[in-house]
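K.L.:
To start, I am sharing the structure in question, which I have written as structure tokens.
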Amino acid sequence: MKVKEKTFKTIDEQIEILLEKGLIIDDIEYAKSVLLRENYFFLMGYRHLFLKSEKERYFITNTNFRELYAMFNFDRQLRNIIFKNILIVENNAKSIFSYELSKKYGIKEKNYLNPKNFNQDPQRRRQVQDLIKKMQRQIRVNGGQHSATMHFIDKYGYVPLWIVVKVLSFGIVSELFTILKSEDQKEIADIYKISAENLVIYLPILANFRNLCAHEDILYNHKSQRIISNTKFHYLLNIPKMNGEYIYGKDDLFALIIILKQMLREEQFRLLLNEISYEIDVLDGKLVHIKIDKVLDSIGFPKNYKNLTRMDV
């Protein structure tokens with residue numbers, strides 16, 4: 001069956017579509033301004049919470065445009081909070097990686113990028129070679145735009161790893177951990193008091209959410225491709241199970257929160273959760289036709305999520 005092609009819709013036509021689907025718009029000019037600035041497609045990414053059903057695809061009776069936009073803005077604030085905290089973890093990880101690897105293998109590129117320093121498993125050889133090339137390429141391309149790297153190249157003829165990490169993407173750094181020797185993985189993981197096996201999973205999840213936030217994609221119901229292992233936090237929060245698996249905190253936003261619980265300092269994590277709690281309260285005050293519990297379910301937050309701040313890592 002041939003797929004119907006999408007056609008351009010004017011703002012007036014977009015308003016008409018929303019009205020036909022049962023959305024209440026009490027200020028047409030305000031709605032037009034929002035649609036022009038925020039993009040109809042991205043705003044409609046939040047409609048699922050307000051639909052009678054996915055099959056019927058009409059808005060719950062009397063749902064107001066302002067409720068839909070409130071959800072859009074809640075997700076934006078959530079992104080900003082999550083993003084700045086992932087950046088803290090990213091900076092911490094880069095600092096720890098560069099310190100530990102420089103201490104063991106040396107500070108020059110020929111030392112810390114020596115293939116012998118990485119996992120020697122024959123099945124990893126291609127990955128090691130490819131990642132070294134990626135790192136060298138990022139040093140070449142991004143290094144020329146960074147004053148610190150230029151300074152070291154001009155003055156010393158090389159760039160130490162603690163400077164190089166500033167120009168490496170978090171995705172590259174997370175992949176770097178996967179090709180380290182097991183003893184190096186353990187030494188780094190021990191600093192976080194996390195198993196190396198868990199950190200291998202945590203880092204790409206963090207990188208994935210980081211990129212999502214940086215590009216202003218929809219965050220609240222995002223699911224990662226990787227699933228984190230069960231933790232004591234799942235148990236202590238008494239998260240319900242379905243078919244033997246926890247329904248929250250495995251591949252959703254709450255899984256990321258559990259990761260951040262383990263990788264941020266205690267005071268940083270407390271501030272993170274307080275900021276999220278505030279935004280949830282603000283949204284709750286703006287919702288009329290759905291309950292905040294429906295939003296919490298979509299983002300994978302158990303109702304007692306605040307208890308996480310009182311739990312020891």
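Each chain in the structure tokens gets a letter, A, B and so on, in the order shown; residues start at 1 in every chain, and ligands are counted from 1 in the order they appear.
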Could you pull the residues within 12 Å of Ile88 in chain A, counting only C-alpha atoms, minus those fewer than 2 positions along the same chain, as JSON, numbers by chain?
P.N.:
{"A": [81, 82, 83, 84, 85, 86, 90, 91, 92, 93, 94, 95, 170, 206, 210, 260, 263, 264, 265, 268, 269, 272]}
K.L.:
Produce a table with one row for each residue of range 186-283 of chain A that has an atom at most 10 Å from any atom of range 24-48 of chain A, each row naming the nearest atom pair and its distance in Å at one decimal; use only C-alpha atoms; arrange rows by chain and rising residue number; format as a Markdown table.
P.N.:
| residue | atom | partner | partner_atom | distance |
| --- | --- | --- | --- | --- |
| A:Glu216 | CA | A:Phe42 | CA | 9.6 |
| A:Asp217 | CA | A:Phe42 | CA | 8.3 |
| A:Ile218 | CA | A:Gly45 | CA | 7.3 |
| A:Tyr220 | CA | A:Tyr46 | CA | 9.3 |
| A:Asn221 | CA | A:Tyr46 | CA | 9.5 |
K.L.:
Taking into account only C-alpha atoms, which residue in the set A:Asp297, A:Glu109, A:Glu175, A:Glu5 is nearest to Pro240 in chain A?
P.N.:
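Looking only at the distances to Pro240 in chain A, the closest residue turns out to be A:Asp297.
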K.L.:
What is the distance between CA of Ser224 in chain A and CA of Asp252 in chain A, in Å to one decimal?
P.N.:
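CA of Ser224 in chain A sits 6.4 Å away from CA of Asp252 in chain A.
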K.L.:
Give me, as a list in words, all polymer residues having an atom no more than 12 Å from Gly106 in chain A, counting only C-alpha atoms and skipping those fewer than 6 positions away in the same chain.
P.N.:
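The filter keeps Ser98, Tyr99, Glu100, Tyr112, Leu113, Asn114, Asn117, Tyr158, Val159, Pro160, Leu161 and Trp162 of chain A.
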K.L.:
Just the selected residues (N, CA and C atoms), exported as a compact mmCIF listing (two decimals), in the first residue's frame, please.
P.N.:
# COMPACT_ATOMS: atom_id res chain seq x y z
N SER A 98 41.54 10.34 32.09
CA SER A 98 42.82 10.91 31.68
C SER A 98 43.87 10.77 32.78
N TYR A 99 43.45 10.93 34.02
CA TYR A 99 44.38 10.81 35.14
C TYR A 99 44.90 9.37 35.26
N GLU A 100 43.99 8.42 35.27
CA GLU A 100 44.38 7.03 35.47
C GLU A 100 45.22 6.50 34.31
N TYR A 112 49.75 7.02 25.18
CA TYR A 112 48.40 6.67 25.62
C TYR A 112 47.52 6.12 24.50
N LEU A 113 47.94 6.28 23.24
CA LEU A 113 47.18 5.68 22.14
C LEU A 113 47.89 4.45 21.55
N ASN A 114 48.82 3.90 22.30
CA ASN A 114 49.50 2.68 21.87
C ASN A 114 48.52 1.51 21.96
N ASN A 117 48.19 -0.90 24.94
CA ASN A 117 47.62 -0.48 26.22
C ASN A 117 46.16 -0.91 26.39
N TYR A 158 53.03 18.04 21.35
CA TYR A 158 52.08 16.96 21.63
C TYR A 158 50.99 17.48 22.56
N VAL A 159 49.92 16.69 22.70
CA VAL A 159 48.81 17.08 23.58
C VAL A 159 48.59 15.98 24.60
N PRO A 160 48.73 16.27 25.90
CA PRO A 160 48.50 15.24 26.91
C PRO A 160 47.02 14.85 26.97
N LEU A 161 46.77 13.66 27.49
CA LEU A 161 45.41 13.13 27.49
C LEU A 161 44.44 13.99 28.29
N TRP A 162 44.92 14.63 29.37
CA TRP A 162 44.01 15.44 30.18
C TRP A 162 43.53 16.68 29.43
K.L.:
Mind checking which residues fall within 10 Å of Glu183 in chain A, counting only C-alpha atoms, ignoring those fewer than 5 positions away in the same chain, and posting them as a count of residues only?
P.N.:
4
K.L.:
Excluding Thr63 in chain A and its own-chain neighbours fewer than 5 positions away, which residues fall within 8 Å of it when counting only C-alpha atoms? Please give them as number ranges by chain.
P.N.:
A: 22-24, 50, 288-289
K.L.:
Mind pulling up the distance from CA of His234 in chain A to CA of Lys294 in chain A?
P.N.:
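Between these atoms lies a distance of 19.9 Å.
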K.L.:
If I take CA of Arg270 in chain A and CA of Tyr305 in chain A, how far is one from the other in Å, to one decimal?
P.N.:
11.9 Å
